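**Student:** First the structure, then my questions, so here it is.
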Amino acid sequence: MLKEFVDFVKNEKLFLKKENILLAVSGGADSVVMCHLFKVAGFRFAIAHCNFKLRGEESNNDEEFVKELAKKLNVTLYTTTFDTQIYAQKEGISIQMAARNLRYQWFEEIRNKYNYSYIALAQHKDDVIETLFINLLRGTGISGLHGILFKNNLLIRPLLFTFKEQILNYCTENRIKFRDDSSNASIKYIRNKIRHQIMPVLKEINPSYKDTIIKDIEHFKFVEKVYNDHLKDVGNMVFKKNNGKILLSINEIEKLNDKTNYVYEFLKPFNFGYSTVEDILNSLNKSSGIVFYSSTHRLLKDRKYLVVEATTPVDNIHLLISENAKKIETSKCSIKFKVSKFKEITAELKNHSTAILDFDKLKFPLLLRKWEKGDWFVPFGMNNKKKLSDFFIDQKITLFEKENILVLCSGNDIVWIVGHRINNFYKIVPETKKMYIAQVL
């Protein structure tokens, strides 16, 4: 088993021998064998153990066992204790999810603080098969068919070359002691139901079902790569770039043969579910302005595009700008200010990002704020006032863009819709003596 382990680490390029690895160790057979293999192979490592306080004295005994293991192996040990039930109630999540979140966050803190290259988890091939079934039962795209990856960013799984049976045999052959987690026998968890109730039936049908499924998973990985390459090609036609915004062309989507699956894959990174994608597609022939939400993003059905952006708290910007101010920064943008003698405007200043105003008409301090319903101004080149809401419609400004628009005010007047248009009354004229230049950076 040692040779298989070392070869697996090398062939899959999990880490270099000189690198220091943080091992997540519960005290069970899998993680204890991982420790022994690291030690015998001469790899550099430390141990991290979490006590989730979920099994009373049994949890405390697990912690003591891991302390003795670290002492026996002469390696650094990090331990912590969590009030997992309290955390789960506070966050409104399951105990399993709470334990997962807590341990991964803590592992990463330790890894980062003490400069470990990777965090090693003791999952094996049986875990891969169980995960495949869990994904299938919950519903998954093709990415859920590859099970568990050998290496995923800073997480590595150096036991994915072997099955649970081989791990237990290794313990017997080498007289390695380990802890039994009593909760693993409970079938109230979906993974345990699959392990104890479904797997035995599969073994009756096909005694070598595990090898068969693992081979299938390897094939799924290849199919996934082909699939992703194709998605990338189609995505290059559907996604449009516009000042860093995420836009999906409705026209290109309409050309697709299987819109639902394509758009689901395109929007999955933004956490939109399958049913929401169906609703989005049903809105394509409807009027613009419909908004859809995921847990992290929102999507606007606009005239020509589906516009996606992260959901962020709306800032209440309200900044006073003195006559001598040179620059201000907000969460929306940065603006620099300059007072200059009247002169001919250069071509580089003739753009929507720059406002050139008659300095002597302004009343300081100016006010920078978010636009509000009922706001109006006299657009440059016009003599009559117009509501900002009507101006935005004329300019085809989307709902998301409107939420981020700021206005620069002098007294009760809006002198500039930042990044769009100045007030005609405040434009420079031949009689202007000084120019006030505001420019979005």
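Ordering of the structure tokens sets the chain letters (A, B, ...); residue numbers start at 1 within each chain; ligands are numbered from 1 in the order shown.
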Find the spatial neighbours of Ala185 of chain A, counting only C-alpha atoms, within a cut-off of 10 Å - ignore same-chain residues fewer than 5 positions away - and output them as a ChimeraX atom specification.

**Tutor:** /A:180,192-193,195-196

**Student:** Go ahead and write the selection's residues with N, CA and C atoms as a compact mmCIF listing (two decimals), in the first residue's frame.

**Tutor:**
```txt
# COMPACT_ATOMS: atom_id res chain seq x y z
N ASP A 180 -13.55 4.37 16.37
CA ASP A 180 -14.79 4.14 15.62
C ASP A 180 -15.79 5.24 15.98
N ASN A 192 -24.83 7.48 5.00
CA ASN A 192 -24.86 6.20 5.71
C ASN A 192 -25.95 5.26 5.17
N LYS A 193 -27.07 5.84 4.74
CA LYS A 193 -28.12 5.01 4.13
C LYS A 193 -27.59 4.35 2.86
N ARG A 195 -24.45 3.77 2.14
CA ARG A 195 -23.37 2.84 2.51
C ARG A 195 -23.92 1.53 3.07
N HIS A 196 -24.91 1.62 3.95
CA HIS A 196 -25.37 0.42 4.67
C HIS A 196 -26.56 -0.28 4.01
```

**Student:** Within 9 Å of segment 22-41 of chain A, which residues of segment 138-233 of chain A come that close, and what is the closest atom pair and distance in Å for each? Count only C-alpha atoms and give it as JSON lines.

**Tutor:**
```
{"residue": "A:Pro158", "atom": "CA", "partner": "A:Met34", "partner_atom": "CA", "distance": 7.8}
{"residue": "A:Leu159", "atom": "CA", "partner": "A:Met34", "partner_atom": "CA", "distance": 7.1}
{"residue": "A:Lys164", "atom": "CA", "partner": "A:Asp30", "partner_atom": "CA", "distance": 7.6}
{"residue": "A:Ile167", "atom": "CA", "partner": "A:Asp30", "partner_atom": "CA", "distance": 6.6}
{"residue": "A:Leu168", "atom": "CA", "partner": "A:Ala29", "partner_atom": "CA", "distance": 6.9}
{"residue": "A:Tyr170", "atom": "CA", "partner": "A:Val33", "partner_atom": "CA", "distance": 7.7}
{"residue": "A:Cys171", "atom": "CA", "partner": "A:Val33", "partner_atom": "CA", "distance": 7.1}
{"residue": "A:Ile176", "atom": "CA", "partner": "A:Val33", "partner_atom": "CA", "distance": 7.8}
{"residue": "A:Lys177", "atom": "CA", "partner": "A:Ala29", "partner_atom": "CA", "distance": 7.7}
{"residue": "A:Phe178", "atom": "CA", "partner": "A:Ala29", "partner_atom": "CA", "distance": 5.2}
{"residue": "A:Arg179", "atom": "CA", "partner": "A:Gly28", "partner_atom": "CA", "distance": 4.8}
{"residue": "A:Asp180", "atom": "CA", "partner": "A:Gly28", "partner_atom": "CA", "distance": 5.9}
{"residue": "A:Asp181", "atom": "CA", "partner": "A:Gly28", "partner_atom": "CA", "distance": 7.0}
```

**Student:** Those selected residues, please, written with N, CA and C atoms and delivered as a CSV table (one decimal), in the first residue's frame.

**Tutor:**
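out-v3.csv, freshly written:
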```
chain,number,residue,atom,x,y,z
A,158,PRO,N,-5.1,12.3,-0.8
A,158,PRO,CA,-4.0,11.3,-1.1
A,158,PRO,C,-4.4,9.8,-1.0
A,159,LEU,N,-5.6,9.5,-0.5
A,159,LEU,CA,-6.1,8.1,-0.4
A,159,LEU,C,-7.1,7.7,-1.4
A,164,LYS,N,-11.9,1.4,1.1
A,164,LYS,CA,-12.0,1.3,2.5
A,164,LYS,C,-11.5,-0.1,3.0
A,167,ILE,N,-7.8,-0.1,3.4
A,167,ILE,CA,-7.4,0.7,4.5
A,167,ILE,C,-7.5,-0.1,5.8
A,168,LEU,N,-8.6,-0.8,6.0
A,168,LEU,CA,-8.8,-1.6,7.2
A,168,LEU,C,-7.8,-2.8,7.2
A,170,TYR,N,-4.9,-2.7,6.0
A,170,TYR,CA,-3.6,-2.1,6.3
A,170,TYR,C,-3.5,-1.9,7.8
A,171,CYS,N,-4.6,-1.5,8.5
A,171,CYS,CA,-4.6,-1.4,9.9
A,171,CYS,C,-4.4,-2.7,10.6
A,176,ILE,N,-2.4,-1.1,13.6
A,176,ILE,CA,-2.7,0.3,13.8
A,176,ILE,C,-4.1,0.5,14.5
A,177,LYS,N,-4.1,1.2,15.6
A,177,LYS,CA,-5.3,1.4,16.3
A,177,LYS,C,-6.0,2.7,15.7
A,178,PHE,N,-7.3,2.7,15.9
A,178,PHE,CA,-8.0,3.9,15.4
A,178,PHE,C,-9.4,3.9,16.2
A,179,ARG,N,-10.1,5.0,16.0
A,179,ARG,CA,-11.3,5.2,16.7
A,179,ARG,C,-12.5,4.9,15.8
A,180,ASP,N,-13.6,4.4,16.4
A,180,ASP,CA,-14.8,4.1,15.6
A,180,ASP,C,-15.8,5.2,16.0
A,181,ASP,N,-16.3,5.9,15.0
A,181,ASP,CA,-17.3,7.0,15.2
A,181,ASP,C,-18.7,6.3,15.2
```

**Student:** Assign secondary structure with DSSP using the backbone only, and return the residues of segment 263-316 of chain A in alpha helix (DSSP H) as a list in words.

**Tutor:** Val263, Tyr264, Glu265, Phe266, Leu267, Tyr274, Ser275, Thr276, Val277, Glu278, Asp279, Ile280, Leu281 and Asn282 of chain A

**Student:** Neighbours of His124 of chain A within 6 Å (only C-alpha atoms; same-chain residues fewer than 5 positions away dropped), as a PyMOL selection string?

**Tutor:** chain A and resi 159-160+162-163

**Student:** Those selected residues, please, written with N, CA and C atoms and delivered as a PDB file, in the first residue's frame.

**Tutor:**
```pdb
ATOM      1  N   LEU A 159      -5.640   9.545  -0.477  1.00  0.00           N
ATOM      2  CA  LEU A 159      -6.070   8.148  -0.353  1.00  0.00           C
ATOM      3  C   LEU A 159      -7.069   7.742  -1.436  1.00  0.00           C
ATOM      4  N   LEU A 160      -7.257   8.566  -2.433  1.00  0.00           N
ATOM      5  CA  LEU A 160      -8.230   8.235  -3.475  1.00  0.00           C
ATOM      6  C   LEU A 160      -7.749   7.143  -4.430  1.00  0.00           C
ATOM      7  N   THR A 162      -7.308   4.097  -3.230  1.00  0.00           N
ATOM      8  CA  THR A 162      -7.641   2.834  -2.572  1.00  0.00           C
ATOM      9  C   THR A 162      -9.068   2.823  -2.041  1.00  0.00           C
ATOM     10  N   PHE A 163      -9.523   1.624  -1.645  1.00  0.00           N
ATOM     11  CA  PHE A 163     -10.857   1.447  -1.080  1.00  0.00           C
ATOM     12  C   PHE A 163     -10.770   1.307   0.441  1.00  0.00           C
TER      13      PHE A 163
END
```

**Student:** For Phe150 of chain A, which of A:Phe15, A:Trp371, A:Phe380, A:Tyr274 is the closest residue, counting only C-alpha atoms?

**Tutor:** A:Phe15

**Student:** Just the residues within 10 Å of Leu154 of chain A, please, counting only C-alpha atoms, with nothing from its chain fewer than 6 positions along; format it as a PyMOL selection string.

**Tutor:** chain A and resi 14+108+111+116-120

**Student:** Output C-alpha atoms for every residue in that selection, as a PDB file, in the first residue's frame.

**Tutor:**
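Everything below was put into result-v1.pdb:
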```
ATOM      1  CA  LEU A  14      -0.502  16.224  -5.369  1.00  0.00           C
ATOM      2  CA  GLU A 108      -7.589  27.172   6.032  1.00  0.00           C
ATOM      3  CA  ARG A 111      -2.755  26.423   6.704  1.00  0.00           C
ATOM      4  CA  TYR A 116       1.328  24.716   4.913  1.00  0.00           C
ATOM      5  CA  SER A 117       1.119  24.048   1.187  1.00  0.00           C
ATOM      6  CA  TYR A 118      -2.059  21.962   1.208  1.00  0.00           C
ATOM      7  CA  ILE A 119      -4.769  20.498   3.429  1.00  0.00           C
ATOM      8  CA  ALA A 120      -4.975  16.696   3.085  1.00  0.00           C
TER       9      ALA A 120
END
```

**Student:** I'd like to know which of A:Glu218, A:Ile47, A:Leu281, A:Lys326 is closest to Glu68 of chain A, using only C-alpha atoms.

**Tutor:** A:Ile47

**Student:** Do you know which residues are at most 10 Å from Ile110 of chain A counting only C-alpha atoms, after dropping those on the same chain fewer than 3 positions away, and could you put them as a list in words?

**Tutor:** Leu22, Ala48, Tyr78, Tyr104, Gln105, Trp106, Phe107, Lys113, Tyr114, Asn115, Tyr116 and Ile119 of chain A

**Student:** Restrict the selected residues to C-alpha atoms and save them as a CSV table (one decimal), in the first residue's frame.

**Tutor:**
```csv
chain,number,residue,atom,x,y,z
A,22,LEU,CA,-1.6,19.8,7.0
A,48,ALA,CA,-5.2,19.2,12.7
A,78,TYR,CA,-3.4,21.7,16.2
A,104,TYR,CA,-12.8,23.9,6.5
A,105,GLN,CA,-12.6,27.5,7.7
A,106,TRP,CA,-10.4,26.6,10.6
A,107,PHE,CA,-8.2,24.3,8.5
A,113,LYS,CA,-1.0,31.1,9.3
A,114,TYR,CA,1.7,28.5,9.4
A,115,ASN,CA,2.4,28.3,5.7
A,116,TYR,CA,1.3,24.7,4.9
A,119,ILE,CA,-4.8,20.5,3.4
```

**Student:** So which bits of segment 4-123 of chain A end up strand (DSSP E) when you DSSP the backbone, as a ChimeraX atom specification?

**Tutor:** /A:20-24,44-51,77-81,118-120

**Student:** What is the distance between atom CA of Lys433 of chain A and atom CA of Trp416 of chain A, in Å to one decimal?

**Tutor:**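 Here the two named atoms are 19.6 Å from each other.
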
**Student:** Please list as JSON, numbers by chain every residue within 7 Å of segment 395-409 of chain A, counting only C-alpha atoms and excluding residues in the same chain fewer than 4 positions away.

**Tutor:** {"A": [289, 302, 332, 366, 367, 368, 369, 370, 371, 391, 413, 414, 415, 416, 417, 418]}

**Student:** Can you work out which one of A:Lys327, A:Arg138, A:Lys125, A:Lys268 has the shortest atom-to-atom distance to Gln166 of chain A, counting only C-alpha atoms?

**Tutor:**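 The closest residue to Gln166 of chain A is A:Lys125.
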
**Student:** Of the candidates A:Lys71, A:Lys13, A:Lys221, A:His420, which one gets nearest to Ile156 of chain A if we count only C-alpha atoms?

**Tutor:**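 So, comparing all the options, the nearest one is A:Lys13.
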
**Student:** Choose the residue, out of A:Ile134, A:Val9, A:Leu149, A:Val234, that has the smallest atom-to-atom separation from Arg191 of chain A; count only C-alpha atoms.

**Tutor:**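 Nearest to Arg191 of chain A: A:Ile134.
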
**Student:** Closest to Tyr87 of chain A among A:Lys385, A:Lys3, A:Lys67, A:Lys53, using only C-alpha atoms?

**Tutor:**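 Residue with the minimum atom-to-atom distance to Tyr87 of chain A: A:Lys53.
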